[in-house]
$ cat input_27.cif   # mmCIF, C-alpha atoms
data_run
#
loop_
_atom_site.label_atom_id
_atom_site.label_comp_id
_atom_site.auth_asym_id
_atom_site.auth_seq_id
_atom_site.Cartn_x
_atom_site.Cartn_y
_atom_site.Cartn_z
CA MET P 8 -140.03 82.90 -59.52
CA VAL P 9 -138.57 79.66 -60.85
CA ARG P 10 -137.83 79.89 -64.56
CA ASN P 11 -138.12 77.08 -67.08
CA ALA P 12 -134.82 75.64 -68.29
CA VAL P 13 -135.06 74.53 -71.90
CA ILE P 14 -132.95 72.47 -74.26
CA VAL P 15 -132.19 74.16 -77.56
CA ASP P 16 -129.76 71.63 -79.02
CA VAL P 17 -127.89 68.42 -78.15
CA ILE P 18 -125.07 66.95 -80.22
CA ARG P 19 -122.43 64.27 -79.95
CA THR P 20 -119.48 62.83 -81.81
CA PRO P 21 -119.60 59.30 -83.18
CA SER P 22 -118.51 56.62 -80.73
CA GLY P 23 -115.04 55.25 -81.36
CA ARG P 24 -113.71 52.09 -79.80
CA GLY P 25 -111.73 53.05 -76.73
CA LYS P 26 -108.54 51.21 -77.50
CA PRO P 27 -105.38 51.91 -79.51
CA GLY P 28 -106.31 51.97 -83.16
CA GLY P 29 -109.90 52.98 -82.45
CA ALA P 30 -111.46 55.43 -84.90
CA LEU P 31 -111.01 58.42 -82.54
CA SER P 32 -107.95 57.26 -80.59
CA ASP P 33 -105.67 59.75 -82.38
CA VAL P 34 -107.85 62.70 -81.36
CA HIS P 35 -106.78 64.41 -78.14
CA PRO P 36 -109.75 64.52 -75.71
CA VAL P 37 -109.39 68.30 -75.38
CA ASP P 38 -109.86 68.60 -79.14
CA LEU P 39 -112.69 66.05 -79.11
CA ALA P 40 -114.56 68.09 -76.50
CA ALA P 41 -113.68 71.35 -78.26
CA HIS P 42 -115.30 70.02 -81.42
CA VAL P 43 -118.74 69.64 -79.84
CA LEU P 44 -118.45 72.97 -77.98
CA ARG P 45 -117.55 74.83 -81.15
CA THR P 46 -120.19 73.05 -83.23
CA ILE P 47 -123.09 73.57 -80.83
CA LEU P 48 -122.28 77.27 -80.66
CA GLU P 49 -122.12 77.54 -84.46
CA ARG P 50 -125.42 75.68 -84.92
CA SER P 51 -127.20 78.16 -82.64
CA GLY P 52 -125.59 81.27 -84.11
CA LEU P 53 -124.43 82.41 -80.67
CA GLU P 54 -121.24 84.20 -79.72
CA SER P 55 -119.17 82.52 -77.02
CA THR P 56 -119.41 85.63 -74.84
CA GLN P 57 -123.14 84.96 -74.47
CA VAL P 58 -122.41 81.68 -72.62
CA ASP P 59 -122.42 82.08 -68.84
CA ASP P 60 -120.60 78.81 -68.09
CA VAL P 61 -119.43 75.52 -69.56
CA ILE P 62 -119.97 72.52 -67.27
CA MET P 63 -118.20 69.38 -68.46
CA GLY P 64 -118.29 65.83 -67.17
CA CYS P 65 -115.15 63.71 -67.27
CA VAL P 66 -114.33 60.67 -65.11
CA SER P 67 -110.60 60.01 -65.51
CA GLN P 68 -109.20 63.47 -64.87
CA ILE P 69 -105.53 62.66 -65.35
CA GLY P 70 -103.02 62.75 -68.21
CA ASP P 71 -104.64 64.13 -71.37
CA GLN P 72 -107.83 64.80 -69.40
CA ALA P 73 -106.25 66.68 -66.48
CA MET P 74 -106.11 70.40 -65.63
CA ASN P 75 -109.88 71.08 -65.82
CA ILE P 76 -110.49 69.68 -69.28
CA GLY P 77 -113.68 71.73 -69.56
CA ARG P 78 -111.62 74.92 -69.49
CA MET P 79 -108.96 73.50 -71.83
CA ALA P 80 -111.62 72.39 -74.32
CA MET P 81 -113.36 75.75 -74.20
CA LEU P 82 -110.10 77.52 -74.97
CA ALA P 83 -109.23 75.05 -77.73
CA ALA P 84 -112.69 75.67 -79.22
CA GLY P 85 -111.82 79.35 -79.59
CA PHE P 86 -114.25 80.64 -76.97
CA ASP P 87 -113.55 84.06 -75.52
CA GLU P 88 -111.18 83.82 -72.58
CA THR P 89 -113.77 85.46 -70.32
CA VAL P 90 -116.04 82.41 -70.50
CA PRO P 91 -115.57 80.16 -67.44
CA ALA P 92 -115.67 76.37 -67.38
CA VAL P 93 -115.61 73.61 -64.79
CA THR P 94 -115.12 69.84 -64.89
CA ILE P 95 -117.13 67.53 -62.64
CA ASP P 96 -117.00 63.85 -61.76
CA ARG P 97 -120.07 61.88 -60.79
CA GLN P 98 -118.62 58.80 -62.42
CA CYS P 99 -120.72 57.54 -65.36
CA GLY P 100 -123.36 60.20 -64.67
CA SER P 101 -120.91 63.10 -64.90
CA SER P 102 -122.39 64.86 -67.93
CA GLN P 103 -125.94 64.07 -66.84
CA GLN P 104 -125.06 65.84 -63.60
CA ALA P 105 -123.56 68.65 -65.68
CA ALA P 106 -126.94 69.05 -67.39
CA HIS P 107 -128.65 69.05 -63.97
CA PHE P 108 -126.34 71.76 -62.65
CA ALA P 109 -126.79 73.80 -65.83
CA ALA P 110 -130.58 73.56 -65.80
CA GLN P 111 -130.84 74.18 -62.07
CA GLY P 112 -128.63 77.26 -62.42
CA VAL P 113 -130.92 78.58 -65.14
CA MET P 114 -134.02 77.86 -63.08
CA ALA P 115 -132.51 79.67 -60.09
CA GLY P 116 -131.61 82.72 -62.16
CA ALA P 117 -127.85 82.28 -61.86
CA TYR P 118 -127.43 81.55 -65.58
CA ASP P 119 -129.14 82.55 -68.81
CA ILE P 120 -127.18 80.31 -71.20
CA VAL P 121 -125.05 77.27 -70.28
CA ILE P 122 -123.41 74.45 -72.20
CA ALA P 123 -123.44 71.10 -70.42
CA ALA P 124 -121.01 68.66 -71.97
CA GLY P 125 -118.93 65.56 -71.44
CA VAL P 126 -115.88 63.81 -72.83
CA GLU P 127 -113.91 60.63 -72.34
CA SER P 128 -111.06 59.20 -74.38
CA MET P 129 -110.81 55.73 -72.93
CA SER P 130 -108.18 54.75 -75.49
CA ARG P 131 -105.79 57.46 -74.26
CA VAL P 132 -106.78 57.64 -70.58
CA PRO P 133 -107.79 54.14 -69.44
CA LEU P 134 -110.71 53.83 -67.05
CA GLY P 135 -109.43 53.79 -63.48
CA SER P 136 -106.15 55.51 -64.28
CA SER P 137 -107.09 58.59 -62.24
CA ARG P 138 -106.55 56.50 -59.13
CA ALA P 139 -102.85 56.63 -60.04
CA GLY P 140 -101.62 54.12 -57.47
CA GLY P 141 -103.78 55.40 -54.61
CA SER P 142 -104.72 53.02 -51.82
CA THR P 143 -108.06 52.29 -50.18
CA ALA P 144 -108.73 54.61 -47.24
CA PRO P 145 -108.75 53.03 -43.77
CA GLY P 146 -112.28 54.32 -43.21
CA ILE P 147 -113.54 52.45 -46.25
CA ARG P 148 -111.69 49.28 -45.23
CA ALA P 149 -113.25 49.56 -41.78
CA ARG P 150 -116.77 49.88 -43.15
CA TYR P 151 -116.34 47.25 -45.90
CA PRO P 152 -113.73 44.83 -44.49
CA ASP P 153 -114.19 42.34 -47.30
CA GLY P 154 -113.62 45.09 -49.83
CA LEU P 155 -115.81 46.61 -52.53
CA VAL P 156 -115.79 45.10 -56.02
CA ASN P 157 -115.47 46.35 -59.57
CA GLN P 158 -118.52 47.13 -61.68
CA GLY P 159 -118.34 43.87 -63.60
CA VAL P 160 -118.74 41.89 -60.39
CA SER P 161 -121.60 44.20 -59.39
CA ALA P 162 -123.27 43.37 -62.71
CA GLU P 163 -122.84 39.68 -61.90
CA LEU P 164 -124.40 40.18 -58.45
CA ILE P 165 -127.37 41.94 -60.05
CA ALA P 166 -127.85 39.14 -62.57
CA ALA P 167 -127.83 36.61 -59.74
CA LYS P 168 -130.19 38.61 -57.50
CA TRP P 169 -132.80 39.05 -60.24
CA GLY P 170 -132.29 35.55 -61.62
CA PHE P 171 -131.34 36.46 -65.18
CA THR P 172 -129.96 33.75 -67.41
CA ARG P 173 -127.03 34.10 -69.77
CA GLU P 174 -129.48 33.69 -72.63
CA GLU P 175 -131.53 36.67 -71.43
CA LEU P 176 -128.46 38.87 -71.07
CA ASP P 177 -127.17 37.99 -74.53
CA ALA P 178 -130.59 38.38 -76.16
CA PHE P 179 -130.96 41.86 -74.67
CA SER P 180 -127.50 42.79 -75.94
CA ALA P 181 -128.13 41.52 -79.46
CA GLU P 182 -131.37 43.51 -79.53
CA SER P 183 -129.44 46.66 -78.54
CA HIS P 184 -127.21 46.25 -81.60
CA ARG P 185 -130.21 45.54 -83.84
CA ARG P 186 -132.08 48.63 -82.65
CA ALA P 187 -129.01 50.85 -83.00
CA ALA P 188 -128.22 49.58 -86.50
CA ASP P 189 -131.85 50.09 -87.55
CA ALA P 190 -131.87 53.61 -86.11
CA TRP P 191 -128.75 54.51 -88.10
CA ALA P 192 -130.28 53.01 -91.24
CA ARG P 193 -133.39 55.16 -90.76
CA GLY P 194 -131.27 58.27 -90.28
CA ASP P 195 -132.45 58.78 -86.70
CA PHE P 196 -129.04 59.95 -85.48
CA ALA P 197 -128.30 62.27 -88.39
CA SER P 198 -129.39 65.46 -86.64
CA GLN P 199 -127.30 64.92 -83.51
CA VAL P 200 -124.06 63.21 -84.58
CA VAL P 201 -121.32 65.55 -85.81
CA PRO P 202 -118.48 63.84 -87.74
CA VAL P 203 -114.90 64.05 -86.47
CA ASP P 204 -111.93 63.80 -88.84
CA GLY P 205 -113.95 61.83 -91.35
CA VAL P 206 -115.49 59.48 -88.76
CA GLU P 207 -119.25 59.66 -89.28
CA GLY P 208 -120.81 56.63 -87.60
CA ASP P 209 -120.57 54.69 -84.35
CA GLU P 210 -117.69 52.22 -84.55
CA THR P 211 -119.14 50.34 -81.56
CA ILE P 212 -122.24 49.00 -83.33
CA ARG P 213 -121.99 45.42 -84.53
CA ALA P 214 -124.77 44.98 -87.06
CA GLY P 215 -125.78 41.36 -87.35
CA THR P 216 -124.94 40.53 -83.72
CA THR P 217 -126.91 37.53 -82.51
CA ALA P 218 -127.51 36.01 -79.10
CA GLU P 219 -126.10 32.76 -80.46
CA GLY P 220 -122.88 34.48 -81.45
CA LEU P 221 -122.56 36.19 -78.07
CA ALA P 222 -123.06 32.88 -76.30
CA GLY P 223 -119.54 31.82 -77.27
CA LEU P 224 -117.83 34.62 -75.32
CA ASN P 225 -116.15 33.89 -71.99
CA PRO P 226 -116.91 35.68 -68.70
CA ALA P 227 -114.85 38.86 -68.37
CA PHE P 228 -114.61 39.35 -64.61
CA ARG P 229 -114.18 35.93 -63.02
CA THR P 230 -110.99 35.24 -61.10
CA ASP P 231 -110.26 32.34 -58.77
CA GLU P 232 -110.23 34.72 -55.81
CA LEU P 233 -113.60 36.24 -56.72
CA ALA P 234 -115.10 32.84 -57.49
CA ALA P 235 -114.16 31.70 -54.00
CA ARG P 236 -115.62 34.86 -52.46
CA PHE P 237 -118.87 34.65 -54.44
CA PRO P 238 -119.58 30.94 -54.94
CA GLU P 239 -123.21 31.72 -55.82
CA LEU P 240 -122.30 33.50 -59.05
CA GLU P 241 -122.53 31.76 -62.41
CA TRP P 242 -120.25 34.34 -64.10
CA MET P 243 -122.32 35.43 -67.08
CA ILE P 244 -121.05 38.97 -67.78
CA THR P 245 -118.96 39.00 -70.96
CA PRO P 246 -117.64 41.63 -73.37
CA GLY P 247 -120.75 40.94 -75.44
CA ASN P 248 -123.29 41.89 -72.78
CA SER P 249 -121.26 44.81 -71.42
CA SER P 250 -120.81 48.30 -72.83
CA PRO P 251 -117.50 48.72 -74.71
CA LEU P 252 -114.71 51.10 -73.79
CA THR P 253 -115.41 54.19 -75.89
CA ASP P 254 -114.05 57.53 -77.07
CA ALA P 255 -116.64 60.31 -77.54
CA ALA P 256 -117.81 63.78 -76.57
CA SER P 257 -121.27 65.34 -76.34
CA ALA P 258 -122.85 68.70 -75.49
CA ALA P 259 -126.23 70.28 -74.72
CA LEU P 260 -127.20 73.94 -75.11
CA ILE P 261 -129.41 74.89 -72.17
CA MET P 262 -130.97 78.28 -71.47
CA SER P 263 -133.95 80.03 -69.94
CA GLU P 264 -137.18 80.03 -71.91
CA GLU P 265 -137.11 83.83 -71.91
CA LYS P 266 -133.58 83.99 -73.31
CA ALA P 267 -134.46 81.54 -76.09
CA ALA P 268 -137.43 83.70 -77.08
CA GLU P 269 -135.29 86.84 -76.98
CA LEU P 270 -132.71 85.22 -79.29
CA GLY P 271 -135.30 83.74 -81.64
CA LEU P 272 -134.25 80.17 -80.82
CA THR P 273 -136.77 77.36 -80.63
CA PRO P 274 -136.70 75.27 -77.45
CA ARG P 275 -137.04 71.56 -78.12
CA ALA P 276 -137.77 70.42 -74.55
CA ARG P 277 -137.84 71.63 -70.98
CA PHE P 278 -136.45 70.03 -67.86
CA HIS P 279 -139.38 68.69 -65.85
CA ALA P 280 -137.81 66.96 -62.82
CA PHE P 281 -134.47 65.85 -61.36
CA ALA P 282 -133.30 63.24 -58.88
CA VAL P 283 -130.00 61.89 -57.62
CA VAL P 284 -129.60 59.05 -55.12
CA GLY P 285 -127.03 56.94 -53.37
CA ASP P 286 -127.44 53.17 -53.20
CA ASP P 287 -125.63 50.00 -52.14
CA PRO P 288 -121.99 50.43 -53.25
CA MET P 289 -121.53 46.66 -53.51
CA LEU P 290 -124.39 46.13 -55.96
CA MET P 291 -123.37 49.62 -57.14
CA LEU P 292 -125.38 49.67 -60.38
CA THR P 293 -128.92 49.39 -58.96
CA GLY P 294 -129.22 53.13 -58.31
CA PRO P 295 -131.49 53.80 -61.34
CA ILE P 296 -134.27 51.90 -59.56
CA PRO P 297 -134.60 54.18 -56.49
CA ALA P 298 -133.69 57.22 -58.63
CA THR P 299 -136.63 56.50 -60.92
CA ARG P 300 -138.97 55.97 -58.00
CA ARG P 301 -137.88 59.25 -56.47
CA ILE P 302 -138.28 61.25 -59.66
CA LEU P 303 -141.70 59.77 -60.35
CA ASP P 304 -142.81 60.75 -56.84
CA ARG P 305 -141.47 64.28 -57.32
CA SER P 306 -142.99 64.74 -60.76
CA GLY P 307 -146.37 63.21 -60.01
CA LEU P 308 -146.01 61.01 -63.09
CA ALA P 309 -146.40 57.26 -63.37
CA ILE P 310 -144.07 55.02 -65.35
CA ASP P 311 -146.74 54.59 -68.03
CA ASP P 312 -146.97 58.37 -68.47
CA LEU P 313 -143.45 58.33 -69.91
CA ASP P 314 -143.06 57.77 -73.63
CA VAL P 315 -139.36 56.85 -73.80
CA TYR P 316 -136.92 55.49 -71.20
CA GLU P 317 -133.17 55.84 -71.68
CA VAL P 318 -131.56 53.59 -69.05
CA ASN P 319 -127.82 53.33 -69.55
CA GLU P 320 -126.67 49.89 -70.61
CA ALA P 321 -123.47 49.69 -68.63
CA PHE P 322 -124.19 45.94 -68.53
CA ALA P 323 -127.29 44.10 -69.74
CA SER P 324 -128.30 43.17 -66.20
CA VAL P 325 -128.72 46.85 -65.22
CA PRO P 326 -131.64 47.87 -67.50
CA LEU P 327 -133.16 44.40 -67.17
CA ALA P 328 -133.31 44.74 -63.38
CA TRP P 329 -134.67 48.28 -63.75
CA GLN P 330 -137.35 47.08 -66.16
CA ALA P 331 -138.37 44.23 -63.86
CA GLU P 332 -138.65 46.45 -60.79
CA LEU P 333 -140.49 49.32 -62.51
CA HIS P 334 -142.72 47.05 -64.65
CA ALA P 335 -141.71 49.18 -67.62
CA ASP P 336 -142.70 48.62 -71.25
CA PRO P 337 -139.69 46.99 -72.98
CA ALA P 338 -140.63 48.64 -76.28
CA LYS P 339 -140.04 52.09 -74.72
CA LEU P 340 -136.70 51.08 -73.18
CA ASN P 341 -133.72 52.31 -75.23
CA PRO P 342 -135.71 52.12 -78.48
CA TRP P 343 -132.69 53.14 -80.61
CA GLY P 344 -130.30 50.82 -78.82
CA GLY P 345 -128.19 51.59 -75.78
CA ALA P 346 -124.61 51.74 -74.61
CA ILE P 347 -123.94 48.07 -75.38
CA ALA P 348 -124.15 49.09 -79.04
CA LEU P 349 -123.72 52.88 -79.01
CA GLY P 350 -120.79 52.90 -76.59
CA HIS P 351 -120.21 54.26 -73.10
CA ALA P 352 -117.60 57.03 -73.10
CA VAL P 353 -118.24 57.44 -69.40
CA GLY P 354 -117.82 61.22 -69.05
CA ALA P 355 -119.84 61.88 -72.22
CA SER P 356 -122.65 59.36 -71.78
CA GLY P 357 -125.02 61.59 -69.83
CA THR P 358 -125.45 64.22 -72.52
CA ARG P 359 -125.29 61.49 -75.17
CA LEU P 360 -128.33 59.81 -73.61
CA LEU P 361 -130.07 63.18 -73.35
CA GLY P 362 -129.70 63.74 -77.08
CA THR P 363 -130.96 60.27 -77.94
CA LEU P 364 -133.91 60.68 -75.57
CA LEU P 365 -134.90 64.03 -77.05
CA ALA P 366 -134.61 62.84 -80.64
CA ALA P 367 -136.65 59.71 -79.89
CA LEU P 368 -139.41 61.80 -78.30
CA GLU P 369 -139.47 64.05 -81.36
CA ALA P 370 -139.56 61.09 -83.75
CA THR P 371 -142.50 59.46 -81.97
CA GLY P 372 -144.40 62.56 -80.90
CA GLY P 373 -143.99 61.59 -77.25
CA ARG P 374 -144.30 64.12 -74.45
CA TYR P 375 -142.26 62.89 -71.46
CA GLY P 376 -138.96 61.04 -71.44
CA LEU P 377 -136.86 59.61 -68.62
CA GLN P 378 -133.08 59.29 -68.54
CA THR P 379 -131.31 57.44 -65.74
CA MET P 380 -127.74 56.33 -65.28
CA CYS P 381 -126.00 53.99 -62.84
CA GLU P 382 -122.77 55.40 -61.40
CA GLY P 383 -119.63 54.09 -59.72
CA GLY P 384 -119.76 53.97 -55.96
CA GLY P 385 -123.48 53.19 -55.92
CA MET P 386 -125.28 56.32 -57.18
CA ALA P 387 -127.67 57.30 -59.95
CA ASN P 388 -129.11 60.38 -61.60
CA ALA P 389 -132.57 60.59 -63.13
CA THR P 390 -133.95 63.29 -65.41
CA ILE P 391 -137.42 63.79 -66.89
CA ILE P 392 -137.76 66.12 -69.86
CA GLU P 393 -140.91 67.32 -71.59
CA ARG P 394 -140.87 67.75 -75.36
CA LEU P 395 -142.11 71.14 -76.51
#
$ encode --input "input_27.cif" --output "structure tokens"
Amino acid sequence: MVRNAVIVDVIRTPSGRGKPGGALSDVHPVDLAAHVLRTILERSGLESTQVDDVIMGCVSQIGDQAMNIGRMAMLAAGFDETVPAVTIDRQCGSSQQAAHFAAQGVMAGAYDIVIAAGVESMSRVPLGSSRAGGSTAPGIRARYPDGLVNQGVSAELIAAKWGFTREELDAFSAESHRRAADAWARGDFASQVVPVDGVEGDETIRAGTTAEGLAGLNPAFRTDELAARFPELEWMITPGNSSPLTDAASAALIMSEEKAAELGLTPRARFHAFAVVGDDPMLMLTGPIPATRRILDRSGLAIDDLDVYEVNEAFASVPLAWQAELHADPAKLNPWGGAIALGHAVGASGTRLLGTLLAALEATGGRYGLQTMCEGGGMANATIIERL
């Protein structure tokens, strides 16, 4: 019999700017991740020996984030040495995939209690550093002789394909900051954000951001070589309509419905459906579109049956293309702001989105919520949860 996997708690650190001098740049990523592991255990009243596994997402697994950072963080958090941990990399969807693996393990009967988590210190371990001088494999060069491109160029290609204007991209980005600032002012994040070393709020939010102000920023990814290769591009992706480099950690406490009842814990939501897809690695960031279609088919739900959509704002063109293709209600899309304002600490973003999604469902009384995340290499995860 398949068991229900339920979410008991989801927490995250504030988002610090992922550059030297950022609010969390002095915190070692092992300690950052340990903080959310320790805190989520304390909030539930559990002993670490009751946890069957810790599954942690992290993208740049090198330097301070090497040596199975999930295990290092668990040990730094003071967990019993008998508790195992693993670190996984599905690019930006790493901790969303961690939540999938955790929930699926519970549903299959392999786990009773799991912590799915994620961490990324982009100030200390720059994005892309895990490549460490590696070269492109001959098999990839043979299949893509012109070469794949970075995510910023993919965001440009998406903007061109769907015909978005610079004004639309900047307006969406300004709205993300407005929604995030309003959510903080209402106290919407209070139950899920756990302060770190005196840092209490998201450093990445720019209250008062306007589309007019963003219009003055220069394109971030144009080079003469790329402009010659892609003459059709208008080069509209800027730091203002992209998610910022970010330092953060997040964690979700997942268990079987039976175990929660046995422990006297109240489940807040259950996992309803999962999907993961591959997509065009050149466009790269369009995966949330087929992932959403697949998960809707599997769940038997329609887009209008969902009450909140959390679609990661890696770049403004990504959720805008998703919204256009799915004919989704813009009011339900990232209602508390998205990664453009809240930050995108790539390994931690999956469980960060999960916490925001759950809290937004609880605040509005909604039943079903969708989370989907574009991922490097042309992939995407999608998750539907049901509030209990």
$ resolve_selection --input "input_27.cif" --expression "the PyMOL selection byres ((chain P and resi 329-334) around 10)" --output "list in words"
Trp169, Leu292, Thr293, Gly294, Pro295, Ile296, Pro297, Thr299, Arg300, Ala309, Ile310, Asp311, Tyr316, Val318, Ser324, Val325, Pro326, Leu327, Ala328, Ala335, Asp336, Pro337, Leu340 and Thr379 of chain P
$ atom_distance --input "input_27.cif" --atom1 "atom CA of P:Gly247" --atom2 "atom CA of P:Ala321"
11.4 Å
$ atom_distance --input "input_27.cif" --atom1 "atom CA of P:Gly384" --atom2 "atom CA of P:Met291"
5.8 Å
$ closest_residue --input "input_27.cif" --among "P:Met74, P:Ile147, P:Leu164, P:Ile212" --to "P:Ala181" --atoms "all atoms listed in the file"
P:Ile212
$ closest_residue --input "input_27.cif" --among "P:Met8, P:Leu395, P:Val17, P:Ala30" --to "P:Ser130" --atoms "only C-alpha atoms"
P:Ala30
$ closest_residue --input "input_27.cif" --among "P:Ala268, P:Ala106, P:Ile347, P:Val37" --to "P:Leu176" --atoms "all atoms listed in the file"
P:Ile347
$ residues_around --input "input_27.cif" --residues "stretch 116-120 of chain P" --least-positions-apart "3" --cutoff "7 Å" --atoms "all atoms listed in the file" --output "PyMOL selection string"
chain P and resi 57-59+112-113+261-263+266
$ residues_around --input "input_27.cif" --residues "P:Val61" --least-positions-apart "6" --cutoff "9 Å" --atoms "only C-alpha atoms" --output "list in words"
Leu44, Gly77, Arg78, Met81, Val90, Pro91, Ala92, Val93, Thr94, Ala105, Ala109, Val121, Ile122, Ala123 and Ala124 of chain P
$ closest_residue --input "input_27.cif" --among "P:Gly140, P:Gly29, P:Gly215, P:Gly170" --to "P:Ser128" --atoms "all atoms listed in the file"
P:Gly29
$ closest_residue --input "input_27.cif" --among "P:Ile392, P:Leu48, P:Leu252, P:Ile62" --to "P:Gly85" --atoms "only C-alpha atoms"
P:Leu48
$ axis_aligned_box --input "input_27.cif" --around "stretch 328-345 of chain P" --padding-each-side "3 Å" --output "AutoDock Vina command-line options"
--center_x -135.5 --center_y 48.7 --center_z -70.7 --size_x 20.5 --size_y 14.9 --size_z 25.8
$ decode --input "input_27.cif" --residues "stretch 170-208 of chain P" --atoms "C-alpha atoms" --output "compact mmCIF listing (two decimals), in the first residue's frame"
# COMPACT_ATOMS: atom_id res chain seq x y z
CA GLY P 170 8.17 38.06 -28.13
CA PHE P 171 8.57 39.74 -24.75
CA THR P 172 9.66 43.35 -24.65
CA ARG P 173 12.21 44.84 -22.29
CA GLU P 174 9.38 46.79 -20.71
CA GLU P 175 7.47 43.57 -19.93
CA LEU P 176 10.52 41.92 -18.40
CA ASP P 177 11.30 44.92 -16.21
CA ALA P 178 7.68 45.39 -15.16
CA PHE P 179 7.47 41.75 -14.07
CA SER P 180 10.69 42.14 -12.08
CA ALA P 181 9.57 45.31 -10.34
CA GLU P 182 6.33 43.58 -9.39
CA SER P 183 8.32 40.70 -7.86
CA HIS P 184 10.09 43.16 -5.55
CA ARG P 185 6.80 44.89 -4.69
CA ARG P 186 5.08 41.63 -3.81
CA ALA P 187 8.03 40.41 -1.74
CA ALA P 188 8.31 43.69 0.17
CA ASP P 189 4.57 43.68 0.85
CA ALA P 190 4.70 40.07 2.04
CA TRP P 191 7.48 40.92 4.50
CA ALA P 192 5.53 43.95 5.70
CA ARG P 193 2.48 41.75 6.35
CA GLY P 194 4.60 39.24 8.26
CA ASP P 195 3.94 36.47 5.76
CA PHE P 196 7.48 35.07 6.01
CA ALA P 197 7.74 35.23 9.80
CA SER P 198 6.87 31.58 10.42
CA GLN P 199 9.39 30.16 7.97
CA VAL P 200 12.47 32.42 8.06
CA VAL P 201 14.97 31.64 10.83
CA PRO P 202 17.52 34.42 11.53
CA VAL P 203 21.25 33.73 11.14
CA ASP P 204 23.85 35.69 13.13
CA GLY P 205 21.51 38.64 13.50
CA VAL P 206 20.40 38.64 9.84
CA GLU P 207 16.61 38.53 9.88
CA GLY P 208 15.37 39.64 6.47
